[in-house]
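**Student:** Sharing run14.txt (compact mmCIF, C-alpha atoms) below.
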```txt
# COMPACT_ATOMS: atom_id res chain seq x y z
CA MET A 1 227.48 31.36 -48.37
CA ALA A 2 229.71 30.67 -45.36
CA MET A 3 232.80 30.79 -47.57
CA LYS A 4 231.64 34.06 -49.11
CA ASN A 5 231.13 35.64 -45.70
CA SER A 6 234.50 34.33 -44.56
CA ASN A 7 236.18 35.94 -47.55
CA LEU A 8 234.38 39.24 -46.88
CA VAL A 9 235.64 39.26 -43.30
CA ALA A 10 239.19 38.55 -44.47
CA LEU A 11 238.92 41.30 -47.11
CA CYS A 12 237.77 43.86 -44.54
CA VAL A 13 240.53 42.81 -42.15
CA PHE A 14 243.03 43.19 -44.99
CA CYS A 15 241.76 46.68 -45.81
CA TYR A 16 241.76 47.68 -42.14
CA GLY A 17 245.36 46.53 -41.76
CA THR A 18 246.36 48.46 -44.87
CA ALA A 19 244.67 51.69 -43.78
CA GLN A 20 245.87 51.45 -40.18
CA VAL A 21 249.55 50.93 -40.98
CA LEU A 22 249.82 53.33 -43.94
CA PRO A 23 250.22 56.55 -41.87
CA ARG A 24 252.76 54.83 -39.61
CA VAL A 25 254.79 53.77 -42.63
CA ILE A 26 254.68 57.33 -43.98
CA LEU A 27 256.03 58.67 -40.69
CA LEU A 28 258.79 56.06 -40.53
CA MET A 29 259.74 56.81 -44.12
CA ALA A 30 259.87 60.49 -43.15
CA THR A 31 262.11 59.92 -40.11
CA GLN A 32 265.21 61.49 -41.64
CA ASP A 33 263.17 64.38 -43.06
CA ILE A 34 261.47 65.09 -39.73
CA LEU A 35 264.95 65.31 -38.19
CA ALA A 36 266.47 67.20 -41.14
CA GLY A 37 269.27 69.61 -40.25
CA THR A 38 269.90 68.05 -36.83
CA LEU A 39 272.07 65.26 -35.43
CA ILE A 40 269.21 63.89 -33.33
CA GLN A 41 269.38 60.12 -33.52
CA SER A 42 266.71 58.35 -35.55
CA GLY A 43 265.96 56.17 -32.53
CA ILE A 44 264.44 59.15 -30.72
CA GLU A 45 261.46 59.14 -33.05
CA ILE A 46 261.07 55.38 -32.68
CA ILE A 47 261.18 55.67 -28.88
CA LEU A 48 258.56 58.42 -28.78
CA PHE A 49 256.27 56.54 -31.15
CA ASN A 50 256.65 53.18 -29.43
CA CYS A 51 256.38 54.42 -25.84
CA SER A 52 252.97 55.87 -26.62
CA ASP A 53 252.04 53.00 -28.94
CA THR A 54 252.97 50.33 -26.38
CA LEU A 55 251.18 52.14 -23.56
CA ALA A 56 248.04 52.33 -25.68
CA ARG A 57 248.25 48.64 -26.60
CA VAL A 58 248.74 47.55 -23.00
CA CYS A 59 245.84 49.66 -21.72
CA SER A 60 243.48 49.14 -24.65
CA PRO A 61 242.06 45.66 -23.76
CA CYS A 62 240.84 47.01 -20.42
CA LEU A 63 239.73 50.28 -22.02
CA ILE A 64 237.76 48.53 -24.75
CA ARG A 65 235.99 46.21 -22.31
CA LYS A 66 235.24 49.02 -19.85
CA ILE A 67 233.97 51.44 -22.51
CA SER A 68 233.38 50.04 -26.01
CA PHE A 69 235.01 49.30 -29.33
CA LEU A 70 233.30 52.30 -30.91
CA ILE A 71 234.52 54.91 -28.41
CA THR A 72 238.05 53.50 -28.64
CA ILE A 73 238.21 53.75 -32.42
CA ILE A 74 236.87 57.34 -32.20
CA LEU A 75 239.64 58.17 -29.71
CA ALA A 76 242.20 56.70 -32.11
CA GLY A 77 240.94 58.97 -34.88
CA LEU A 78 241.04 61.99 -32.57
CA PHE A 79 244.67 61.39 -31.61
CA TRP A 80 245.57 60.99 -35.28
CA PHE A 81 243.88 64.29 -36.14
CA ILE A 82 245.82 66.16 -33.42
CA ALA A 83 249.10 64.67 -34.64
CA TYR A 84 248.24 65.58 -38.23
CA ALA A 85 247.65 69.20 -37.21
CA LEU A 86 251.01 69.36 -35.42
CA PHE A 87 252.89 68.09 -38.47
CA LEU A 88 251.37 70.72 -40.72
CA ALA A 89 251.34 73.68 -38.34
CA ALA A 90 254.90 73.64 -37.00
CA ASP A 91 258.39 74.06 -38.40
CA ASP A 92 260.00 73.15 -35.08
CA VAL A 93 261.42 69.63 -34.96
CA VAL A 94 260.42 69.30 -31.29
CA VAL A 95 256.76 69.92 -32.13
CA ARG A 96 256.95 67.38 -34.96
CA LEU A 97 258.37 64.81 -32.54
CA GLY A 98 255.46 65.60 -30.22
CA GLY A 99 253.13 64.81 -33.10
CA VAL A 100 254.87 61.46 -33.53
CA CYS A 101 254.24 60.67 -29.86
CA ILE A 102 250.54 61.55 -30.07
CA PHE A 103 250.17 59.60 -33.29
CA GLY A 104 251.58 56.52 -31.54
CA ILE A 105 248.68 56.54 -29.05
CA GLY A 106 246.15 56.47 -31.86
CA ASN A 107 248.05 53.73 -33.66
CA GLY A 108 248.12 51.50 -30.57
CA LEU A 109 244.39 51.92 -29.98
CA ALA A 110 243.51 51.24 -33.63
CA ASN A 111 245.67 48.10 -33.69
CA SER A 112 244.24 46.66 -30.49
CA VAL A 113 240.65 47.23 -31.61
CA LEU A 114 241.12 44.88 -34.53
CA MET A 115 243.23 42.38 -32.56
CA LEU A 116 240.43 41.94 -30.03
CA LEU A 117 237.76 41.98 -32.71
CA LEU A 118 239.44 39.15 -34.64
CA GLY A 119 238.84 36.79 -31.72
CA TYR A 120 235.09 36.96 -32.42
CA TYR A 121 235.38 35.56 -35.92
CA ASP A 122 236.15 32.04 -37.08
CA GLU A 123 239.26 31.14 -39.14
CA ILE A 124 241.61 33.17 -36.98
CA ASP A 125 244.55 31.85 -39.00
CA LYS A 126 243.11 33.20 -42.23
CA ASN A 127 242.11 36.55 -40.75
CA SER A 128 245.41 37.15 -38.94
CA THR A 129 247.24 36.36 -42.18
CA ALA A 130 244.96 38.84 -44.00
CA PHE A 131 245.78 41.48 -41.38
CA ILE A 132 249.53 40.96 -41.67
CA LEU A 133 249.24 40.90 -45.46
CA GLY A 134 247.36 44.21 -45.29
CA GLN A 135 250.12 45.64 -43.13
CA SER A 136 252.75 44.33 -45.53
CA MET A 137 250.88 45.78 -48.50
CA SER A 138 250.70 49.06 -46.65
CA ASN A 139 254.45 48.97 -46.07
CA VAL A 140 255.01 48.73 -49.81
CA LEU A 141 252.30 51.25 -50.70
CA GLY A 142 253.46 53.79 -48.13
CA ALA A 143 257.12 53.38 -49.06
CA PHE A 144 256.27 53.68 -52.75
CA LEU A 145 254.12 56.79 -52.28
CA TYR A 146 256.61 58.58 -50.06
CA THR A 147 259.65 57.62 -52.13
CA GLY A 148 257.87 58.45 -55.36
CA SER A 149 256.74 61.82 -54.08
CA THR A 150 259.95 63.02 -52.39
CA VAL A 151 262.58 61.29 -54.55
CA TRP A 152 261.09 60.96 -58.01
CA GLN A 153 258.63 63.89 -58.06
CA CYS A 154 260.66 66.28 -55.85
CA VAL A 155 257.72 67.15 -53.60
CA SER A 156 258.68 68.42 -50.15
CA PRO A 157 258.29 66.02 -47.18
CA ARG A 158 255.82 68.35 -45.46
CA THR A 159 253.51 68.51 -48.48
CA THR A 160 253.75 64.74 -48.99
CA ILE A 161 252.68 64.05 -45.41
CA ALA A 162 249.83 66.56 -45.73
CA PHE A 163 248.31 64.53 -48.58
CA LEU A 164 249.11 60.98 -47.41
CA LEU A 165 248.41 60.87 -43.66
CA PRO A 166 244.61 61.36 -43.97
CA LEU A 167 244.38 58.00 -45.77
CA GLY A 168 244.60 56.37 -42.34
CA PHE A 169 241.10 57.56 -41.44
CA LEU A 170 239.73 54.89 -43.81
CA ILE A 171 239.93 52.45 -40.88
CA MET A 172 236.64 53.95 -39.64
CA ILE A 173 234.84 52.57 -42.69
CA PHE A 174 236.21 49.04 -42.40
CA TYR A 175 235.68 48.97 -38.64
CA GLY A 176 232.05 49.93 -39.23
CA ILE A 177 231.60 47.07 -41.71
CA LEU A 178 233.13 44.54 -39.32
CA ASN A 179 231.53 45.59 -36.06
CA HIS A 180 228.39 47.53 -36.96
CA GLY A 181 227.67 46.52 -40.55
CA PRO A 182 226.43 43.33 -42.21
CA LEU A 183 229.38 41.20 -41.06
CA LYS A 184 228.61 41.69 -37.36
CA LYS A 185 226.09 38.84 -37.34
CA TYR A 186 228.81 36.38 -38.36
CA GLN A 187 230.66 36.93 -35.09
CA LYS A 188 230.64 34.00 -32.69
CA HIS A 189 228.72 35.96 -30.08
CA GLU A 190 228.12 39.49 -28.93
CA HIS A 191 231.08 41.05 -27.20
CA LYS A 192 229.51 44.17 -25.81
CA ASP A 193 226.75 44.69 -23.28
CA SER A 194 225.95 40.96 -23.28
CA ARG A 195 226.74 39.90 -19.73
CA GLU A 196 224.68 37.07 -18.29
CA TYR A 197 224.61 36.63 -14.53
CA GLU A 198 224.24 33.24 -12.85
CA PRO A 199 224.20 32.18 -9.19
CA LEU A 200 227.68 31.54 -7.82
CA SER A 201 228.70 27.96 -7.14
CA LEU A 202 230.06 26.86 -3.76
CA GLU A 203 233.65 26.99 -5.06
CA GLU A 204 233.16 30.47 -6.48
CA THR A 205 232.03 31.76 -3.09
CA GLN A 206 235.45 30.88 -1.65
CA PRO A 207 237.61 33.90 -2.58
CA ASP A 208 241.01 32.46 -1.69
CA LYS A 209 240.55 29.30 -3.72
CA GLN A 210 239.11 31.23 -6.62
CA ASP A 211 242.02 33.69 -6.62
CA GLN A 212 244.49 30.81 -6.67
CA LEU A 213 242.74 29.26 -9.66
CA GLN A 214 242.71 32.57 -11.52
CA SER A 215 246.39 33.16 -10.79
CA SER A 216 247.24 29.71 -12.06
CA ASP A 217 245.18 30.25 -15.24
CA HIS A 218 246.85 33.61 -15.87
CA LEU A 219 250.30 32.08 -15.43
CA GLN A 220 249.53 29.24 -17.84
CA PHE A 221 248.13 31.73 -20.33
CA PHE A 222 251.25 33.87 -20.11
CA LEU A 223 253.61 30.89 -20.47
CA LYS A 224 251.82 29.84 -23.67
CA VAL A 225 251.96 33.28 -25.26
CA PHE A 226 255.37 34.47 -24.03
CA PRO A 227 257.59 32.43 -26.44
CA LEU A 228 255.57 33.58 -29.43
CA ALA A 229 255.55 37.20 -28.29
CA SER A 230 259.33 36.85 -27.84
CA TYR A 231 259.73 35.78 -31.47
CA ALA A 232 257.72 38.81 -32.57
CA PHE A 233 259.88 40.98 -30.30
CA VAL A 234 263.14 39.70 -31.86
CA ALA A 235 261.76 40.10 -35.40
CA PHE A 236 260.85 43.74 -34.91
CA PHE A 237 263.87 44.57 -32.77
CA THR A 238 266.25 43.28 -35.43
CA PHE A 239 264.40 44.92 -38.31
CA TYR A 240 264.13 48.39 -36.78
CA LEU A 241 267.65 48.37 -35.41
CA CYS A 242 268.90 47.61 -38.92
CA VAL A 243 266.87 50.14 -40.91
CA SER A 244 266.72 52.94 -38.33
CA ALA A 245 270.16 52.88 -36.74
CA VAL A 246 272.69 50.77 -38.63
CA LEU A 247 271.79 51.38 -42.27
CA THR A 248 271.28 55.11 -41.70
CA THR A 249 275.08 55.36 -41.39
CA LEU A 250 275.80 53.22 -44.47
CA THR A 251 275.76 55.25 -47.71
CA PHE A 252 277.75 54.90 -50.91
CA PRO A 253 279.58 57.69 -52.78
CA SER A 254 279.24 55.57 -55.93
CA ALA A 255 275.45 55.40 -55.72
CA SER A 256 273.43 57.07 -58.47
CA PHE A 257 271.13 58.83 -55.98
CA ARG A 258 271.50 61.38 -53.18
CA VAL A 259 272.85 60.56 -49.72
CA ARG A 260 269.44 61.31 -48.19
CA ASP A 261 267.74 58.92 -50.62
CA HIS A 262 269.67 55.89 -49.34
CA TYR A 263 267.34 55.67 -46.37
CA GLN A 264 264.25 55.85 -48.60
CA TYR A 265 265.48 53.02 -50.81
CA TYR A 266 266.47 50.88 -47.84
CA ARG A 267 262.98 51.25 -46.41
CA PHE A 268 261.33 50.78 -49.79
CA THR A 269 263.11 47.50 -50.59
CA SER A 270 262.62 46.13 -47.07
CA SER A 271 258.91 46.93 -47.39
CA ILE A 272 258.75 44.88 -50.59
CA GLY A 273 260.29 42.02 -48.64
CA ARG A 274 257.76 42.42 -45.85
CA MET A 275 254.94 42.14 -48.37
CA PHE A 276 256.26 38.81 -49.66
CA GLY A 277 256.88 37.65 -46.11
CA GLY A 278 253.26 38.42 -45.29
CA ILE A 279 251.97 35.91 -47.86
CA GLU A 280 254.73 33.36 -47.31
CA LEU A 281 252.75 31.29 -44.77
CA MET A 282 249.67 31.17 -46.98
CA LEU A 283 251.68 30.08 -50.03
CA ALA A 284 253.92 27.65 -48.16
CA SER A 285 250.97 25.92 -46.44
CA ARG A 286 249.53 25.13 -49.89
CA LEU A 287 252.64 24.48 -51.96
CA CYS A 288 254.81 22.77 -49.37
CA PRO A 289 252.74 21.93 -46.27
CA LYS A 290 255.36 19.68 -44.65
CA LEU A 291 258.03 22.37 -44.76
CA SER A 292 255.53 24.98 -43.58
CA ASN A 293 254.54 22.84 -40.58
CA PHE A 294 258.20 22.29 -39.72
CA VAL A 295 258.92 26.02 -39.74
CA CYS A 296 255.78 26.75 -37.69
CA ARG A 297 257.04 24.35 -35.03
CA ASN A 298 260.56 25.75 -35.27
CA ILE A 299 260.21 29.50 -35.71
CA TRP A 300 263.61 29.90 -34.07
CA VAL A 301 265.22 28.80 -37.38
CA LEU A 302 263.81 31.90 -39.08
CA VAL A 303 264.86 33.99 -36.09
CA LEU A 304 268.50 32.87 -36.47
CA VAL A 305 268.45 33.79 -40.17
CA HIS A 306 266.93 37.12 -39.23
CA ILE A 307 269.63 37.89 -36.68
CA GLY A 308 272.25 36.99 -39.29
CA HIS A 309 271.15 40.02 -41.32
CA LEU A 310 271.79 42.31 -38.35
CA ILE A 311 275.29 40.92 -37.80
CA PHE A 312 276.20 41.44 -41.46
CA PHE A 313 274.83 45.00 -41.54
CA LEU A 314 276.78 45.89 -38.40
CA PHE A 315 280.07 44.79 -39.99
CA ALA A 316 279.16 46.45 -43.31
CA SER A 317 278.38 49.79 -41.67
CA TRP A 318 281.46 49.70 -39.46
CA ASN A 319 283.97 48.83 -42.17
CA HIS A 320 282.18 49.95 -45.37
CA PHE A 321 283.56 46.93 -47.21
CA VAL A 322 280.49 46.30 -49.40
CA PRO A 323 281.33 47.53 -52.93
CA SER A 324 277.80 48.33 -54.14
CA VAL A 325 274.62 49.70 -52.62
CA TYR A 326 272.63 47.12 -54.56
CA THR A 327 273.99 44.31 -52.39
CA ILE A 328 272.51 46.06 -49.37
CA LEU A 329 269.22 46.62 -51.18
CA VAL A 330 268.89 42.89 -51.93
CA LEU A 331 269.60 42.04 -48.30
CA CYS A 332 266.98 44.58 -47.24
CA VAL A 333 264.43 42.56 -49.23
CA THR A 334 265.36 39.31 -47.44
CA LEU A 335 265.35 41.15 -44.10
CA GLY A 336 261.78 42.24 -44.77
CA ILE A 337 260.73 38.72 -45.78
CA SER A 338 262.04 37.18 -42.57
CA THR A 339 260.43 39.94 -40.45
CA SER A 340 256.92 39.38 -41.76
CA SER A 341 257.29 35.59 -41.92
CA ILE A 342 258.20 35.40 -38.23
CA THR A 343 255.43 37.82 -37.26
CA VAL A 344 252.69 36.00 -39.20
CA ARG A 345 253.67 32.64 -37.73
CA ALA A 346 253.86 34.05 -34.20
CA LEU A 347 250.41 35.67 -34.43
CA SER A 348 248.84 32.60 -36.00
CA SER A 349 250.35 30.23 -33.43
CA ALA A 350 249.35 32.49 -30.53
CA ALA A 351 245.69 32.44 -31.59
CA GLU A 352 245.69 28.66 -32.15
CA CYS A 353 246.80 28.05 -28.57
CA PHE A 354 243.35 28.91 -27.21
CA ALA A 355 239.74 27.96 -27.87
CA LYS A 356 237.84 30.92 -26.40
CA SER A 357 237.36 34.03 -28.52
CA ARG A 358 238.30 36.31 -25.62
CA ASP A 359 241.56 34.40 -25.05
CA LYS A 360 242.41 34.41 -28.75
CA GLY A 361 241.99 38.17 -28.93
CA THR A 362 244.06 38.76 -25.80
CA ALA A 363 246.81 36.46 -27.10
CA LEU A 364 246.94 38.43 -30.35
CA VAL A 365 247.16 41.72 -28.43
CA ILE A 366 250.02 40.40 -26.24
CA THR A 367 251.91 39.20 -29.31
CA ALA A 368 251.34 42.58 -30.94
CA VAL A 369 252.73 44.20 -27.78
CA GLY A 370 255.85 42.08 -28.37
CA CYS A 371 256.17 43.76 -31.77
CA ALA A 372 255.81 47.21 -30.22
CA MET A 373 258.32 46.40 -27.49
CA GLY A 374 260.76 45.20 -30.16
CA ARG A 375 260.52 48.56 -31.93
CA LEU A 376 260.95 50.36 -28.63
CA ALA A 377 264.05 48.37 -27.67
CA ALA A 378 265.51 48.96 -31.13
CA GLY A 379 264.95 52.69 -30.71
CA LEU A 380 266.66 52.74 -27.30
CA LEU A 381 269.70 50.82 -28.48
CA GLY A 382 269.66 52.61 -31.82
CA ILE A 383 270.34 55.97 -30.14
CA PHE A 384 273.78 54.75 -29.14
CA VAL A 385 274.47 52.57 -32.19
CA GLU A 386 273.72 55.26 -34.78
CA ASP A 387 275.67 57.93 -32.92
CA TYR A 388 278.66 55.62 -32.36
CA PHE A 389 278.75 54.43 -35.97
CA ARG A 390 278.32 57.97 -37.32
CA ARG A 391 281.23 59.24 -35.22
CA HIS A 392 283.38 56.31 -36.34
CA CYS A 393 282.53 57.03 -39.98
CA THR A 394 283.26 60.76 -39.59
CA ASN A 395 286.42 60.61 -37.47
CA GLN A 396 288.02 57.34 -38.54
CA LEU A 397 286.81 56.68 -42.08
CA LEU A 398 286.68 60.41 -42.93
CA MET A 399 283.62 60.00 -45.18
CA GLY A 400 282.03 63.35 -44.28
CA LYS A 401 278.47 63.75 -45.59
CA PHE A 402 278.27 60.04 -46.44
CA CYS A 403 278.04 59.16 -42.74
CA LEU A 404 274.33 59.94 -42.30
CA ALA A 405 271.48 59.50 -44.80
CA ARG A 406 269.79 62.82 -44.04
CA PHE A 407 269.41 66.38 -45.32
CA PRO A 408 272.06 68.54 -43.63
CA TYR A 409 269.73 71.58 -43.44
CA THR A 410 266.46 72.14 -41.55
CA ALA A 411 264.95 73.54 -44.76
CA GLY A 412 264.81 69.95 -46.00
CA TRP A 413 261.44 69.57 -44.26
CA ASN A 414 259.72 72.30 -46.29
CA LYS A 415 261.75 72.12 -49.48
CA ASN A 416 263.20 69.18 -51.39
CA LEU A 417 266.85 70.23 -51.54
CA ASP A 418 269.13 69.39 -54.47
CA CYS A 419 266.44 67.31 -56.12
CA ILE A 420 267.63 65.86 -59.41
```
Is it possible to express this structure as C-alpha cells?
**Tutor:**
Amino acid sequence: MAMKNSNLVALCVFCYGTAQVLPRVILLMATQDILAGTLIQSGIEIILFNCSDTLARVCSPCLIRKISFLITIILAGLFWFIAYALFLAADDVVVRLGGVCIFGIGNGLANSVLMLLLGYYDEIDKNSTAFILGQSMSNVLGAFLYTGSTVWQCVSPRTTIAFLLPLGFLIMIFYGILNHGPLKKYQKHEHKDSREYEPLSLEETQPDKQDQLQSSDHLQFFLKVFPLASYAFVAFFTFYLCVSAVLTTLTFPSASFRVRDHYQYYRFTSSIGRMFGGIELMLASRLCPKLSNFVCRNIWVLVLVHIGHLIFFLFASWNHFVPSVYTILVLCVTLGISTSSITVRALSSAAECFAKSRDKGTALVITAVGCAMGRLAAGLLGIFVEDYFRRHCTNQLLMGKFCLARFPYTAGWNKNLDCI
C-alpha cells in the first residue's frame, strides 16, 4: 500500500510538472513569432519573463507561509488568465511582451507551490525526479504541439497559443489531489495552521544569543545549497543563451525548411534532449549505480561538457563553418540532455542535504531560483550577443535574411506567412 501511495504521489507530481511548464514552453517556442517584424532581441522576452518569475519565486515561500498554498495557486491562475487575455486581445508587440511579464509571475508562484509541497512527502529524490521528468515531457510536448501547428499544419501563432495556453490550468486539478485530496494524509505532517506553542527555554529568552544562532544556521544552510544552485544556474544560463541568442542567428540556406522554422527545430530537438536528460538519473542509478554516484558527487564534469556546447555554437554562429543544419540539431539534443541531467542532480542533492521537510522545500525553491536566475542572466547577455552576431552576419558575411530566424513582417503573428 505504501508503494502504491508513493507511486500516486510521484504520478501527480509528474502531471503537475507537465501542466505547469507546458504554457511556458509554448511561449518560449513562440518567441520569434511574438517579436515578428521587429529587430527586438529575443533576450528581451526572456528578461521580462524571468524578472517576474524570479521575483515571484523569491517572495513565494514567505507568501505561502503567511497566507496559504491554496490562495497562492489561485493567484497563479489569475495571473495566467490575465496574460492569456493580453495575448489574444492585442496586435501590439509591446502588449504581448507585457503578457509575457505577467505570465512569469504566475509561473513562479505555481513552481514554488510544488517545490515547498514536495518537502512534506517522503522519497524526495523520486518525487523531484518525477517533477523534472514532467517538465522535460512538457518541453517535448509543447515543442511538438507548437511546431506541428505552426510549421506542419500552417496554423497562425496567435491561434495556436489561443488553443494551447489554457492547458496550463490543469495544475489546479493535480494540486487539489496532492494538497486537498486523498494524498494529503500521506504528508509527513500538516503544514498549514498547525502551530504548536511551547514555553520558551532560558536560552530562547536571550535575544542576542538566539539571533547569533539563527544567523549561523542560515549561513550554513546557504553554504550547503549555494553550490548546487550554482550548477542549476550554469545549466540554464548556457542552455538559454544558446537557443535564444546564439542559434537564432545561425540558419542555413541549404536547409529544406524556412528561415523562421530553424528556431522551432532547434527548440524541438533540444526539448527531446531535455526529456532524456530528465530520466537519465533514474536510469543510471539502476543500470550503472557506480557511475551515477560518481557523477552525482562530481556534477562539475557535466557542467564542463555543457559549457563546451556553448563554445562550439558561438564559433559556429560567428563563422558559419558548419556544413549542415542537422549537425546543429544533433548537438541541440545533447545540449538538452546535459541541461536536464545537471538540473535533476542539483535538485536531488539539494533536498538530500537536509532532514527537515521545511528545509528540504526551501532548498528546492532556492535551487529553482538558480534556474530562474540562469535564464535571466542569459536574457541579459543575449541582448548583446544576438544583436552583435546578427550585425556581423549581415554586414560581414552578407547573408541577408539568413541572419535571424524570424518572420520579417509583423503579420507573421496573425498569419502563417509563406507556409509550404
**Student:** With a distance cut-off of 9 Å and all atoms listed in the file, select the neighbouring residues of Arg267 of chain A, excluding the residue or stretch itself and same-chain residues fewer than 4 positions from it, and output the selection as a count of residues only.
**Tutor:** 10
**Student:** Considering all atoms listed in the file, return as a ChimeraX atom specification whatever protein or nucleic-acid residues lie within 12 Å of Ser112 of chain A, sequence-local ones (same chain, fewer than 3 positions apart) excluded.
**Tutor:** /A:16-17,20,53-65,69,72-73,76,105-109,115-119,361-369,372
**Student:** Considering all atoms listed in the file, tabulate each residue of segment 57-141 of chain A that lies at most 12 Å from segment 405-411 of chain A along with its nearest interatomic pair and the corresponding distance in Å to one decimal; arrange the rows by chain and ascending residue number and present them as a tab-separated table.
**Tutor:**
```
residue	atom	partner	partner_atom	distance
A:Asp91	CA	A:Thr410	CA	8.9
A:Asp92	CA	A:Thr410	CA	9.2
A:Val93	CA	A:Thr410	CA	8.7
```
**Student:** Is it possible to get the axis-aligned box enclosing segment 343-349 of chain A (all listed atoms, 8 Å extra per side) as AutoDock Vina command-line options, with centre and edge lengths in Å rounded to one decimal?
**Tutor:**
```
--center_x 252.1 --center_y 34.0 --center_z -36.3 --size_x 22.6 --size_y 23.6 --size_z 21.8
```
**Student:** Between atom CA of Ala235 of chain A and atom CA of Asn127 of chain A, what is the spacing in Å?
**Tutor:**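 Atom CA of Asn127 of chain A sits 20.7 Å away from atom CA of Ala235 of chain A.
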**Student:** Give me, as a ChimeraX atom specification, all polymer residues having an atom no more than 12 Å from Ser149 of chain A, counting all atoms listed in the file and skipping those fewer than 3 positions away in the same chain.
**Tutor:** /A:26,29-30,141-146,152-164,261,264,416,419
**Student:** Could you write out the selected residues, including C-alpha atoms, as a PDB file, in the coordinates of the input?
**Tutor:**
```pdb
ATOM      1  CA  ILE A  26     254.680  57.330 -43.980  1.00  0.00           C
ATOM      2  CA  MET A  29     259.740  56.810 -44.120  1.00  0.00           C
ATOM      3  CA  ALA A  30     259.870  60.490 -43.150  1.00  0.00           C
ATOM      4  CA  LEU A 141     252.300  51.250 -50.700  1.00  0.00           C
ATOM      5  CA  GLY A 142     253.460  53.790 -48.130  1.00  0.00           C
ATOM      6  CA  ALA A 143     257.120  53.380 -49.060  1.00  0.00           C
ATOM      7  CA  PHE A 144     256.270  53.680 -52.750  1.00  0.00           C
ATOM      8  CA  LEU A 145     254.120  56.790 -52.280  1.00  0.00           C
ATOM      9  CA  TYR A 146     256.610  58.580 -50.060  1.00  0.00           C
ATOM     10  CA  TRP A 152     261.090  60.960 -58.010  1.00  0.00           C
ATOM     11  CA  GLN A 153     258.630  63.890 -58.060  1.00  0.00           C
ATOM     12  CA  CYS A 154     260.660  66.280 -55.850  1.00  0.00           C
ATOM     13  CA  VAL A 155     257.720  67.150 -53.600  1.00  0.00           C
ATOM     14  CA  SER A 156     258.680  68.420 -50.150  1.00  0.00           C
ATOM     15  CA  PRO A 157     258.290  66.020 -47.180  1.00  0.00           C
ATOM     16  CA  ARG A 158     255.820  68.350 -45.460  1.00  0.00           C
ATOM     17  CA  THR A 159     253.510  68.510 -48.480  1.00  0.00           C
ATOM     18  CA  THR A 160     253.750  64.740 -48.990  1.00  0.00           C
ATOM     19  CA  ILE A 161     252.680  64.050 -45.410  1.00  0.00           C
ATOM     20  CA  ALA A 162     249.830  66.560 -45.730  1.00  0.00           C
ATOM     21  CA  PHE A 163     248.310  64.530 -48.580  1.00  0.00           C
ATOM     22  CA  LEU A 164     249.110  60.980 -47.410  1.00  0.00           C
ATOM     23  CA  ASP A 261     267.740  58.920 -50.620  1.00  0.00           C
ATOM     24  CA  GLN A 264     264.250  55.850 -48.600  1.00  0.00           C
ATOM     25  CA  ASN A 416     263.200  69.180 -51.390  1.00  0.00           C
ATOM     26  CA  CYS A 419     266.440  67.310 -56.120  1.00  0.00           C
TER      27      CYS A 419
END
```
**Student:** Give me, please, the distance in Å between atom CA of Met137 of chain A and atom CA of Gly104 of chain A, quoted to one decimal.
**Tutor:**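 Calculated distance between atom CA of Met137 of chain A and atom CA of Gly104 of chain A is 20.1 Å.
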**Student:** Choose the residue, out of A:Ala378, A:Phe87, A:Val333, A:Ser324, that has the smallest atom-to-atom separation from Ile44 of chain A; count only C-alpha atoms.
**Tutor:**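 Among the listed residues, the smallest separation from Ile44 of chain A belongs to A:Ala378.
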**Student:** Taking all atoms listed in the file into account, which of A:Ser254, A:Ser52, A:Ser136, A:Gln41 comes nearest Leu22 of chain A?
**Tutor:**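 The answer is A:Ser136, which sits nearest to Leu22 of chain A.
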